[in-house]
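Source file: entry14.pdb (PDB, C-alpha atoms and all ligand atoms)
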ATOM      1  CA  PHE A 609      67.005 100.214 106.186
ATOM      2  CA  ARG A 610      70.158 101.896 107.452
ATOM      3  CA  LEU A 611      70.173  99.566 110.460
ATOM      4  CA  GLU A 612      70.027  96.604 108.135
ATOM      5  CA  ILE A 613      73.123  97.823 106.286
ATOM      6  CA  VAL A 614      75.071  98.289 109.511
ATOM      7  CA  ARG A 615      74.059  94.839 110.732
ATOM      8  CA  ALA A 616      75.280  93.340 107.461
ATOM      9  CA  ALA A 617      78.556  95.253 107.742
ATOM     10  CA  HIS A 618      80.244  92.237 109.301
ATOM     11  CA  LEU A 619      79.554  89.939 106.371
ATOM     12  CA  PRO A 620      82.592  89.516 104.132
ATOM     13  CA  ALA A 621      82.897  91.589 100.948
ATOM     14  CA  GLU A 622      82.646  88.624  98.609
ATOM     15  CA  THR A 623      81.404  89.130  95.072
ATOM     16  CA  LEU A 624      78.720  86.928  93.491
ATOM     17  CA  ASP A 625      81.463  85.148  91.548
ATOM     18  CA  GLY A 626      83.470  84.383  94.670
ATOM     19  CA  HIS A 627      86.190  87.059  94.841
ATOM     20  CA  GLN A 628      87.076  88.332  98.311
ATOM     21  CA  ILE A 629      87.783  92.045  98.294
ATOM     22  CA  LYS A 630      89.448  93.433 101.405
ATOM     23  CA  VAL A 631      87.555  96.426 102.740
ATOM     24  CA  LYS A 632      89.539  98.333 105.342
ATOM     25  CA  ALA A 633      89.480 101.662 107.147
ATOM     26  CA  ASN A 634      91.622 104.785 107.060
ATOM     27  CA  ILE A 635      92.355 106.156 110.524
ATOM     28  CA  GLU A 636      94.389 108.885 112.177
ATOM     29  CA  LEU A 637      93.695 108.236 115.837
ATOM     30  CA  LEU A 638      93.547 105.379 118.301
ATOM     31  CA  GLU A 639      90.093 106.639 119.334
ATOM     32  CA  GLU A 640      88.681 105.665 115.938
ATOM     33  CA  VAL A 641      89.275 101.950 116.469
ATOM     34  CA  PRO A 642      85.858 101.067 118.012
ATOM     35  CA  VAL A 643      84.043 102.953 115.233
ATOM     36  CA  ILE A 644      85.839 101.202 112.397
ATOM     37  CA  LEU A 645      85.279  97.782 113.966
ATOM     38  CA  GLU A 646      81.552  98.502 114.379
ATOM     39  CA  HIS A 647      81.399  99.450 110.720
ATOM     40  CA  GLY A 648      82.880  96.156 109.582
ATOM     41  CA  ALA A 649      86.445  97.147 108.723
ATOM     42  CA  GLU A 650      88.653  94.143 107.978
ATOM     43  CA  GLY A 651      91.752  95.921 109.161
ATOM     44  CA  VAL A 652      93.351  99.335 108.719
ATOM     45  CA  GLY A 653      94.539  99.991 105.168
ATOM     46  CA  LEU A 654      95.972 103.397 106.026
ATOM     47  CA  PHE A 655      96.990 104.619 109.465
ATOM     48  CA  ARG A 656      97.956 108.261 108.912
ATOM     49  CA  THR A 657     100.533 108.864 111.631
ATOM     50  CA  GLU A 658     100.950 112.637 111.309
ATOM     51  CA  PHE A 659      98.487 113.555 114.016
ATOM     52  CA  LEU A 660     100.781 112.836 116.975
ATOM     53  CA  TYR A 661     103.416 115.195 115.537
ATOM     54  CA  LEU A 662     101.139 118.198 115.088
ATOM     55  CA  ASN A 663     100.412 120.981 117.585
ATOM     56  CA  ARG A 664     103.358 120.373 119.869
ATOM     57  CA  SER A 665     106.822 121.842 120.162
ATOM     58  CA  THR A 666     108.877 118.629 120.010
ATOM     59  CA  PRO A 667     108.244 115.422 118.046
ATOM     60  CA  PRO A 668     106.792 112.521 120.058
ATOM     61  CA  GLY A 669     109.341 110.064 121.400
ATOM     62  CA  GLU A 670     109.606 106.387 120.512
ATOM     63  CA  GLU A 671     107.855 105.231 123.689
ATOM     64  CA  GLU A 672     104.768 107.386 123.158
ATOM     65  CA  LEU A 673     104.446 106.253 119.541
ATOM     66  CA  TYR A 674     104.996 102.618 120.511
ATOM     67  CA  GLN A 675     102.175 102.699 123.077
ATOM     68  CA  VAL A 676      99.696 104.049 120.528
ATOM     69  CA  TYR A 677     100.724 101.747 117.670
ATOM     70  CA  ARG A 678     100.736  98.749 119.981
ATOM     71  CA  GLU A 679      97.237  99.459 121.197
ATOM     72  CA  VAL A 680      95.867  99.881 117.677
ATOM     73  CA  VAL A 681      97.518  96.661 116.525
ATOM     74  CA  GLU A 682      96.300  94.719 119.575
ATOM     75  CA  ARG A 683      92.751  95.940 119.272
ATOM     76  CA  LEU A 684      92.559  95.212 115.555
ATOM     77  CA  ALA A 685      93.980  91.676 115.801
ATOM     78  CA  PRO A 686      93.522  89.336 113.973
ATOM     79  CA  PHE A 687      93.037  91.960 111.264
ATOM     80  CA  PRO A 688      96.163  93.679 109.927
ATOM     81  CA  VAL A 689      97.074  97.326 110.489
ATOM     82  CA  THR A 690      98.950  99.180 107.758
ATOM     83  CA  ILE A 691     100.998 101.922 109.353
ATOM     84  CA  ARG A 692     102.105 104.630 106.981
ATOM     85  CA  THR A 693     105.330 106.296 108.014
ATOM     86  CA  LEU A 694     105.316 110.007 108.666
ATOM     87  CA  ASP A 695     103.835 112.024 105.787
ATOM     88  CA  ILE A 696     104.448 115.507 107.077
ATOM     89  CA  GLY A 697     105.432 118.728 105.306
ATOM     90  CA  GLY A 698     103.456 120.246 102.445
ATOM     91  CA  ASP A 699     100.265 121.567 104.036
ATOM     92  CA  LYS A 700     100.864 119.692 107.336
ATOM     93  CA  LEU A 701     103.587 121.445 109.332
ATOM     94  CA  ALA A 702     104.797 120.424 112.791
ATOM     95  CA  ARG A 703     106.322 123.018 115.094
ATOM     96  CA  GLY A 704     108.720 120.405 116.459
ATOM     97  CA  ILE A 705     110.230 119.651 113.043
ATOM     98  CA  HIS A 706     112.278 122.024 110.937
ATOM     99  CA  HIS A 707     110.342 122.851 107.769
ATOM    100  CA  PRO A 708     112.105 125.227 105.375
ATOM    101  CA  ARG A 709     110.173 128.103 103.803
ATOM    102  CA  GLU A 710     109.026 126.864 100.409
ATOM    103  CA  THR A 711     107.337 128.446  97.406
ATOM    104  CA  ASN A 712     105.652 125.175  96.424
ATOM    105  CA  PRO A 713     105.259 123.104  99.593
ATOM    106  CA  ALA A 714     103.356 120.312  97.835
ATOM    107  CA  LEU A 715     106.455 119.842  95.690
ATOM    108  CA  GLY A 716     108.826 120.397  98.547
ATOM    109  CA  LEU A 717     110.479 118.727 101.483
ATOM    110  CA  ARG A 718     107.710 116.466 102.698
ATOM    111  CA  SER A 719     106.894 112.870 103.488
ATOM    112  CA  ILE A 720     109.558 110.244 102.789
ATOM    113  CA  ARG A 721     111.982 112.934 101.593
ATOM    114  CA  LEU A 722     111.760 114.717 104.902
ATOM    115  CA  CYS A 723     112.134 111.445 106.819
ATOM    116  CA  LEU A 724     115.280 110.533 104.905
ATOM    117  CA  LYS A 725     116.705 113.993 105.578
ATOM    118  CA  GLU A 726     115.872 113.768 109.317
ATOM    119  CA  PRO A 727     116.853 110.150 110.000
ATOM    120  CA  GLU A 728     116.611 110.505 113.777
ATOM    121  CA  ILE A 729     112.910 111.319 113.596
ATOM    122  CA  PHE A 730     112.388 108.515 111.068
ATOM    123  CA  ARG A 731     114.372 106.014 113.132
ATOM    124  CA  SER A 732     112.391 106.553 116.301
ATOM    125  CA  GLN A 733     109.139 106.086 114.398
ATOM    126  CA  LEU A 734     110.448 102.909 112.745
ATOM    127  CA  ARG A 735     111.574 101.538 116.113
ATOM    128  CA  ALA A 736     108.138 102.208 117.586
ATOM    129  CA  ILE A 737     106.386 100.535 114.636
ATOM    130  CA  LEU A 738     108.653  97.486 114.748
ATOM    131  CA  ARG A 739     108.232  97.025 118.490
ATOM    132  CA  ALA A 740     104.441  97.273 118.107
ATOM    133  CA  SER A 741     104.538  94.598 115.408
ATOM    134  CA  LEU A 742     105.098  91.951 118.082
ATOM    135  CA  TYR A 743     101.511  92.424 119.300
ATOM    136  CA  GLY A 744      99.412  91.663 116.226
ATOM    137  CA  ARG A 745      99.521  91.910 112.441
ATOM    138  CA  LEU A 746     101.274  94.968 111.180
ATOM    139  CA  ARG A 747     102.319  96.157 107.741
ATOM    140  CA  ILE A 748     104.508  99.171 107.063
ATOM    141  CA  MET A 749     104.005 101.516 104.147
ATOM    142  CA  PHE A 750     106.190 104.312 102.766
ATOM    143  CA  PRO A 751     104.430 107.387 101.326
ATOM    144  CA  MET A 752     105.297 109.588  98.324
ATOM    145  CA  VAL A 753     107.822 107.238  96.808
ATOM    146  CA  SER A 754     108.923 108.852  93.531
ATOM    147  CA  GLY A 755     111.887 106.666  92.599
ATOM    148  CA  LEU A 756     113.719 103.463  93.457
ATOM    149  CA  GLN A 757     116.480 105.184  95.426
ATOM    150  CA  GLU A 758     114.122 106.577  98.071
ATOM    151  CA  LEU A 759     112.527 103.202  98.579
ATOM    152  CA  LEU A 760     115.911 101.489  98.896
ATOM    153  CA  GLU A 761     117.116 104.078 101.389
ATOM    154  CA  ALA A 762     113.990 103.708 103.499
ATOM    155  CA  LYS A 763     114.327  99.910 103.394
ATOM    156  CA  ALA A 764     118.001 100.130 104.339
ATOM    157  CA  LEU A 765     117.191 102.286 107.352
ATOM    158  CA  LEU A 766     114.433  99.858 108.328
ATOM    159  CA  ALA A 767     116.889  96.945 108.085
ATOM    160  CA  GLU A 768     119.364  98.836 110.280
ATOM    161  CA  VAL A 769     116.719  99.460 112.897
ATOM    162  CA  ILE A 770     115.659  95.794 112.850
ATOM    163  CA  GLU A 771     119.302  94.830 113.418
ATOM    164  CA  GLU A 772     119.635  97.346 116.218
ATOM    165  CA  LEU A 773     116.538  95.940 117.959
ATOM    166  CA  ARG A 774     117.881  92.432 117.525
ATOM    167  CA  SER A 775     121.107  93.412 119.251
ATOM    168  CA  GLU A 776     118.923  94.620 122.130
ATOM    169  CA  GLY A 777     117.302  91.202 122.309
ATOM    170  CA  ILE A 778     114.075  92.106 120.454
ATOM    171  CA  ASN A 779     113.536  89.796 117.503
ATOM    172  CA  ILE A 780     111.216  91.291 114.933
ATOM    173  CA  PRO A 781     109.285  88.824 112.761
ATOM    174  CA  SER A 782     109.170  89.528 109.038
ATOM    175  CA  ILE A 783     106.833  92.429 108.258
ATOM    176  CA  PRO A 784     105.202  93.158 104.890
ATOM    177  CA  ILE A 785     106.566  96.370 103.369
ATOM    178  CA  GLY A 786     104.533  98.457 100.946
ATOM    179  CA  ALA A 787     104.877 101.535  98.793
ATOM    180  CA  MET A 788     102.195 104.105  98.240
ATOM    181  CA  ILE A 789     101.719 104.838  94.587
ATOM    182  CA  GLU A 790     100.816 108.512  94.500
ATOM    183  CA  VAL A 791     103.445 110.186  92.343
ATOM    184  CA  PRO A 792     103.180 109.707  88.557
ATOM    185  CA  THR A 793     106.759 108.435  88.214
ATOM    186  CA  ALA A 794     105.947 105.666  90.711
ATOM    187  CA  VAL A 795     103.238 104.502  88.301
ATOM    188  CA  ALA A 796     105.658 104.589  85.397
ATOM    189  CA  ILE A 797     108.245 102.484  87.260
ATOM    190  CA  ALA A 798     105.779 100.332  89.194
ATOM    191  CA  ASP A 799     107.383  97.208  87.694
ATOM    192  CA  ILE A 800     110.715  98.188  89.247
ATOM    193  CA  LEU A 801     109.229  99.150  92.620
ATOM    194  CA  ALA A 802     107.201  95.921  92.719
ATOM    195  CA  GLN A 803     110.448  93.948  92.965
ATOM    196  CA  GLU A 804     111.185  95.669  96.277
ATOM    197  CA  VAL A 805     107.870  95.543  98.143
ATOM    198  CA  ASP A 806     105.153  93.158  99.273
ATOM    199  CA  PHE A 807     102.209  95.374  98.334
ATOM    200  CA  PHE A 808     101.167  98.618  96.695
ATOM    201  CA  SER A 809      98.527 101.046  97.870
ATOM    202  CA  ILE A 810      97.382 103.700  95.419
ATOM    203  CA  GLY A 811      96.947 107.109  97.026
ATOM    204  CA  THR A 812      94.558 108.740  94.607
ATOM    205  CA  ASN A 813      94.335 112.035  96.510
ATOM    206  CA  ASP A 814      97.924 112.852  95.690
ATOM    207  CA  LEU A 815      98.119 110.866  92.471
ATOM    208  CA  ILE A 816      95.317 112.998  91.009
ATOM    209  CA  GLN A 817      96.872 116.195  92.362
ATOM    210  CA  TYR A 818     100.299 115.482  90.884
ATOM    211  CA  SER A 819      99.080 113.991  87.605
ATOM    212  CA  LEU A 820      96.560 116.694  86.750
ATOM    213  CA  ALA A 821      98.678 119.462  88.303
ATOM    214  CA  ILE A 822      95.702 120.449  90.457
ATOM    215  CA  ASP A 823      96.463 121.538  94.015
ATOM    216  CA  ARG A 824      94.087 119.391  96.078
ATOM    217  CA  VAL A 825      93.433 122.174  98.593
ATOM    218  CA  ASN A 826      93.120 125.092  96.141
ATOM    219  CA  GLU A 827      89.463 126.091  95.771
ATOM    220  CA  HIS A 828      90.120 127.952  92.495
ATOM    221  CA  VAL A 829      90.961 124.764  90.638
ATOM    222  CA  ALA A 830      88.902 122.299  92.683
ATOM    223  CA  HIS A 831      86.448 121.868  89.800
ATOM    224  CA  LEU A 832      89.256 120.422  87.669
ATOM    225  CA  TYR A 833      90.141 117.752  90.238
ATOM    226  CA  GLU A 834      88.797 114.650  88.505
ATOM    227  CA  PRO A 835      89.143 111.017  89.655
ATOM    228  CA  LEU A 836      87.439 109.807  86.468
ATOM    229  CA  HIS A 837      89.981 111.427  84.156
ATOM    230  CA  PRO A 838      90.852 108.692  81.635
ATOM    231  CA  GLY A 839      94.536 109.292  82.383
ATOM    232  CA  ILE A 840      94.003 108.468  86.045
ATOM    233  CA  LEU A 841      92.056 105.312  85.234
ATOM    234  CA  ARG A 842      94.797 104.132  82.896
ATOM    235  CA  MET A 843      97.355 104.663  85.627
ATOM    236  CA  ILE A 844      95.328 102.633  88.122
ATOM    237  CA  LYS A 845      95.043  99.828  85.587
ATOM    238  CA  GLN A 846      98.772  99.916  84.895
ATOM    239  CA  VAL A 847      99.578  99.629  88.599
ATOM    240  CA  THR A 848      97.242  96.671  89.236
ATOM    241  CA  GLU A 849      98.526  94.839  86.149
ATOM    242  CA  VAL A 850     102.166  95.359  86.970
ATOM    243  CA  GLY A 851     101.613  94.532  90.647
ATOM    244  CA  HIS A 852      99.803  91.305  89.841
ATOM    245  CA  GLU A 853     102.461  90.278  87.318
ATOM    246  CA  ALA A 854     104.980  90.631  90.142
ATOM    247  CA  GLY A 855     102.704  88.640  92.461
ATOM    248  CA  ILE A 856     101.875  91.429  94.905
ATOM    249  CA  GLU A 857      98.527  92.816  96.086
ATOM    250  CA  VAL A 858      97.344  96.219  95.008
ATOM    251  CA  GLY A 859      95.035  98.310  97.166
ATOM    252  CA  MET A 860      93.695 101.835  97.068
ATOM    253  CA  CYS A 861      93.492 104.165 100.063
ATOM    254  CA  GLY A 862      92.640 107.563  98.545
ATOM    255  CA  GLU A 863      89.127 109.022  98.844
ATOM    256  CA  MET A 864      88.243 107.481  95.502
ATOM    257  CA  ALA A 865      88.185 104.018  97.105
ATOM    258  CA  GLY A 866      85.150 104.859  99.257
ATOM    259  CA  GLU A 867      82.923 106.286  96.511
ATOM    260  CA  LEU A 868      80.071 103.878  95.787
ATOM    261  CA  LEU A 869      79.803 104.996  92.185
ATOM    262  CA  TYR A 870      83.422 104.051  91.494
ATOM    263  CA  VAL A 871      83.460 100.684  93.250
ATOM    264  CA  PRO A 872      82.360  98.493  90.281
ATOM    265  CA  LEU A 873      84.989 100.189  88.104
ATOM    266  CA  LEU A 874      87.697  99.752  90.756
ATOM    267  CA  LEU A 875      86.938  96.034  91.011
ATOM    268  CA  GLY A 876      87.072  95.843  87.234
ATOM    269  CA  LEU A 877      90.449  97.575  87.232
ATOM    270  CA  GLY A 878      91.753  94.807  89.478
ATOM    271  CA  LEU A 879      92.061  96.281  92.968
ATOM    272  CA  ASP A 880      92.380  93.685  95.737
ATOM    273  CA  GLU A 881      91.746  96.046  98.630
ATOM    274  CA  LEU A 882      89.830  99.264  99.232
ATOM    275  CA  SER A 883      90.540 101.358 102.318
ATOM    276  CA  MET A 884      88.228 104.196 103.266
ATOM    277  CA  ASN A 885      86.444 106.322 105.823
ATOM    278  CA  ALA A 886      84.648 104.009 108.279
ATOM    279  CA  LEU A 887      81.212 105.404 107.476
ATOM    280  CA  SER A 888      81.459 104.257 103.858
ATOM    281  CA  ILE A 889      82.354 100.656 104.697
ATOM    282  CA  PRO A 890      78.899  99.071 105.217
ATOM    283  CA  ARG A 891      77.511 100.326 101.910
ATOM    284  CA  VAL A 892      80.640  99.517  99.937
ATOM    285  CA  LYS A 893      80.656  95.967 101.317
ATOM    286  CA  LYS A 894      76.982  95.572 100.522
ATOM    287  CA  LEU A 895      77.537  96.774  96.970
ATOM    288  CA  ILE A 896      80.483  94.406  96.488
ATOM    289  CA  ARG A 897      78.267  91.488  97.503
ATOM    290  CA  CYS A 898      75.964  92.351  94.580
ATOM    291  CA  LEU A 899      78.695  92.498  91.928
ATOM    292  CA  LYS A 900      80.492  89.997  89.715
ATOM    293  CA  VAL A 901      84.150  90.732  89.058
ATOM    294  CA  SER A 902      83.744  89.348  85.528
ATOM    295  CA  GLU A 903      81.065  91.975  84.803
ATOM    296  CA  CYS A 904      83.111  94.695  86.448
ATOM    297  CA  GLN A 905      86.011  93.805  84.168
ATOM    298  CA  GLU A 906      83.732  94.138  81.153
ATOM    299  CA  LEU A 907      82.572  97.529  82.463
ATOM    300  CA  ALA A 908      86.195  98.636  82.959
ATOM    301  CA  ARG A 909      87.035  97.632  79.372
ATOM    302  CA  GLU A 910      84.158  99.764  78.062
ATOM    303  CA  ILE A 911      85.116 102.667  80.271
ATOM    304  CA  LEU A 912      88.744 102.634  79.231
ATOM    305  CA  LYS A 913      87.572 103.304  75.664
ATOM    306  CA  LEU A 914      85.803 106.514  76.670
ATOM    307  CA  ALA A 915      87.531 109.863  76.237
ATOM    308  CA  THR A 916      85.953 112.133  78.842
ATOM    309  CA  PRO A 917      85.112 112.019  82.552
ATOM    310  CA  GLU A 918      81.540 113.059  81.709
ATOM    311  CA  ALA A 919      80.949 110.063  79.440
ATOM    312  CA  ILE A 920      82.536 107.772  82.028
ATOM    313  CA  LYS A 921      80.381 109.107  84.821
ATOM    314  CA  GLU A 922      77.246 108.691  82.760
ATOM    315  CA  LEU A 923      78.015 105.053  82.038
ATOM    316  CA  LEU A 924      78.821 104.374  85.704
ATOM    317  CA  LEU A 925      75.516 105.934  86.779
ATOM    318  CA  GLN A 926      73.655 103.810  84.241
ATOM    319  CA  ARG A 927      75.279 100.614  85.470
ATOM    320  CA  LEU A 928      75.284 101.130  89.223
ATOM    321  CA  PRO A 929      73.053  98.352  90.522
ATOM    322  CA  LYS A 930      69.873  99.824  91.969
ATOM    323  CA  ILE A 931      70.253  98.131  95.304
ATOM    324  CA  LEU A 932      71.247 100.786  97.770
TER     325      LEU A 932
HETATM  326  C1  LIG A1001      96.417 109.890  99.127
HETATM  327  O1  LIG A1001      97.240 110.728  98.748
HETATM  328  O2  LIG A1001      95.529 109.426  98.397
HETATM  329  C2  LIG A1001      96.441 109.396 100.508
HETATM  330  C3  LIG A1001      95.693 108.380 100.870
HETATM  331  O3  LIG A1001      97.237 110.031 101.408
HETATM  332  P1  LIG A1001      96.921 111.467 102.056
HETATM  333  O4  LIG A1001      95.499 111.809 101.697
HETATM  334  O5  LIG A1001      97.155 111.314 103.511
HETATM  335  O6  LIG A1001      97.935 112.313 101.381
HETATM  336 MG    MG A1002      99.010 111.112  99.916
END
Could you render the structure as structure tokens?
Amino acid sequence: FRLEIVRAAHLPAETLDGHQIKVKANIELLEEVPVILEHGAEGVGLFRTEFLYLNRSTPPGEEELYQVYREVVERLAPFPVTIRTLDIGGDKLARGIHHPRETNPALGLRSIRLCLKEPEIFRSQLRAILRASLYGRLRIMFPMVSGLQELLEAKALLAEVIEELRSEGINIPSIPIGAMIEVPTAVAIADILAQEVDFFSIGTNDLIQYSLAIDRVNEHVAHLYEPLHPGILRMIKQVTEVGHEAGIEVGMCGEMAGELLYVPLLLGLGLDELSMNALSIPRVKKLIRCLKVSECQELAREILKLATPEAIKELLLQRLPKIL
């Protein structure tokens, strides 16, 4: 039975009423590429690029990063690879980067904030990403965007680097730019951010942490970490609606996207793309092929009327098609 699912992994994730959902993989390492392709990934929806910066005394140089990004992009072609710029700081510290001592690292100098404060590190990563983009389909995504200014600064730096490469004789084709939606204020101003990017990707791991004020790595409050909180579901809906009004695609790349139980709801909430751990892909694609988006939308409407995660979970369990 399991073999049958893996064999079917390469069929497209098309619903019974003809909607194509993009099912992609989250990766951290080049070595994962064969595994995600075997499992039917239609691209990389989240390439976490922190790994190469950890456990070493100086940050990797442009050339080293370029070689890795280029190989991932080449091996994935014709599928796209979404490279997330450095999301370091918080609980991921690199010896080669100066991290201040912080009382609340999750609320501290991390991710895009750190990159904007250390433009030389950011620049060399952007140069490597842009150079790799010549070898396949690449999208670039900025993490932890909390306001318009950060996004504009990151885009301005990217434009500078593109110009710099051009002056060196390397012409970069236009590359889709995305923002991760994982800070509550990004949800609230999604309409404004949508004017500046080509796609959104909802990072539920952090969005849940910051919205519910639950540290995602603190075991004492882990039981309160709740993807089905009605407040979280409303936020997801708001982001897909606003994104679609602006004509951009909205994906999800947090752990929530790979949970079978949530998939019908996520389709009903309007997500165009789900990016997940490779092992979840075959089953998620199989489930999608048994669903109708119109019915998922009806389910989402019912769920959005419910007040508690418990009631929502019960309804989802009742409705999950008995096919897997
Ligand atoms: C997220 O926050 O949901 C996410 C995908 O990013 P990370 O887990 O790397 O913070
Ligand atoms: Mg995150």
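The residue set within 7 Å of Tyr674 of chain A, counting only C-alpha atoms and dropping same-chain residues fewer than 6 places from it, reads A:Ala736, A:Ile737, A:Arg739, A:Ala740.
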### Within-6 Å shell of (104.0, 98.4, 99.4) in input frame, only C-alpha atoms, as a ChimeraX atom specification
/A:749,785-787,805-808
Write out as a Markdown table a residue-level contact list of segment 627-714 of chain A versus segment 847-867 of chain A with cut-off 8 Å: for each qualifying residue the closest pair of atoms and the distance in Å to one decimal, counting only C-alpha atoms, rows sorted by chain and residue number upward.
| residue | atom | partner | partner_atom | distance |
| --- | --- | --- | --- | --- |
| A:Asn634 | CA | A:Cys861 | CA | 7.3 |
| A:Gly653 | CA | A:Cys861 | CA | 6.7 |
| A:Leu654 | CA | A:Cys861 | CA | 6.5 |
### Query
How many Å separate atom CA of Leu836 of chain A from atom O2 of ligand LIG 1001 (chain A)?
14.4 Å
### Task
Determine, counting all atoms listed in the file, which protein, DNA and RNA residues have an atom within 10 Å of an atom of segment 657-671 of chain A; residues of the same chain fewer than 5 positions away are not included. Present the result as an NGL selection string.
:A and (635-637 or 676-677 or 691-697 or 700-705 or 719 or 729 or 731-737 or 739)
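Going from atom CA of Asp880 of chain A over to atom CA of Gly648 of chain A, you cover 17.0 Å.
The spacing separating atom CA of Ile770 of chain A from atom CA of Tyr743 of chain A amounts to 15.9 Å.
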### Message
I need every residue sitting at most 10 Å from the point (86.1, 101.4, 90.1) (coordinates as in the file, all atoms listed in the file considered), written as a VMD selection string.
### Response
chain A and resid 836 841 844 864 to 879 904 to 905 907 to 908 911 924
### Message
Starting from the PyMOL selection byres (((chain A and resi 811) around 8) and not hetatm), expand the selection into actual residues of this file and give them as a ChimeraX atom specification.
### Response
/A:788-790,809-810,812-815,860-862
### Task
On this file, the PyMOL selection byres (((chain A and resi 618-622) around 7) and not hetatm) gives some set of residues; write that set as a VMD selection string.
chain A and resid 615 to 617 623 to 624 626 to 631 648 893 896 to 897
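Between Leu765 of chain A and the candidates A:Gly744, A:Pro708, A:Asn779, A:Phe730, the tightest atom-to-atom separation, counting only C-alpha atoms, involves A:Phe730.
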### Task
Taking the file above as input, evaluate the PyMOL selection byres (((chain A and resi 684) around 9) and not hetatm) and report the hits as a ChimeraX atom specification.
/A:641,645,650-652,679-683,685-689,744-745
As lines of an AutoDock Vina configuration file: centre and edge lengths in Å, one decimal, of the axis-aligned box holding segment 854-869 of chain A with 8 Å per side:
center_x = 92.4
center_y = 98.8
center_z = 95.1
size_x = 41.2
size_y = 36.4
size_z = 25.9
#### Entry: Nearest to ligand MG 1002 (chain A) by atom-to-atom distance, counting all atoms listed in the file, from A:Ile816, A:Val614, A:Ile778, A:Ala798
A:Ile816
Kindly output segment 666-682 of chain A as a compact mmCIF listing (two decimals), keeping the file's coordinate frame, after building N, CA and C atoms.
# COMPACT_ATOMS: atom_id res chain seq x y z
N THR A 666 107.84 119.61 120.35
CA THR A 666 108.88 118.63 120.01
C THR A 666 108.20 117.37 119.47
N PRO A 667 108.87 116.64 118.58
CA PRO A 667 108.24 115.42 118.05
C PRO A 667 108.02 114.40 119.17
N PRO A 668 107.02 113.54 119.04
CA PRO A 668 106.79 112.52 120.06
C PRO A 668 107.97 111.55 120.10
N GLY A 669 108.24 111.02 121.28
CA GLY A 669 109.34 110.06 121.40
C GLY A 669 108.89 108.66 121.02
N GLU A 670 109.88 107.77 120.90
CA GLU A 670 109.61 106.39 120.51
C GLU A 670 108.57 105.73 121.43
N GLU A 671 108.71 105.93 122.73
CA GLU A 671 107.86 105.23 123.69
C GLU A 671 106.38 105.62 123.51
N GLU A 672 106.15 106.91 123.34
CA GLU A 672 104.77 107.39 123.16
C GLU A 672 104.16 106.79 121.88
N LEU A 673 104.94 106.80 120.81
CA LEU A 673 104.45 106.25 119.54
C LEU A 673 104.18 104.76 119.69
N TYR A 674 105.11 104.07 120.32
CA TYR A 674 105.00 102.62 120.51
C TYR A 674 103.70 102.26 121.23
N GLN A 675 103.39 103.00 122.30
CA GLN A 675 102.18 102.70 123.08
C GLN A 675 100.93 102.80 122.19
N VAL A 676 100.88 103.85 121.39
CA VAL A 676 99.70 104.05 120.53
C VAL A 676 99.63 102.97 119.44
N TYR A 677 100.73 102.74 118.75
CA TYR A 677 100.72 101.75 117.67
C TYR A 677 100.39 100.36 118.23
N ARG A 678 100.98 100.06 119.38
CA ARG A 678 100.74 98.75 119.98
C ARG A 678 99.25 98.57 120.30
N GLU A 679 98.65 99.60 120.83
CA GLU A 679 97.24 99.46 121.20
C GLU A 679 96.35 99.28 119.96
N VAL A 680 96.65 100.03 118.92
CA VAL A 680 95.87 99.88 117.68
C VAL A 680 96.02 98.45 117.14
N VAL A 681 97.25 97.99 117.08
CA VAL A 681 97.52 96.66 116.52
C VAL A 681 96.85 95.58 117.37
N GLU A 682 96.93 95.71 118.68
CA GLU A 682 96.30 94.72 119.58
C GLU A 682 94.79 94.70 119.42
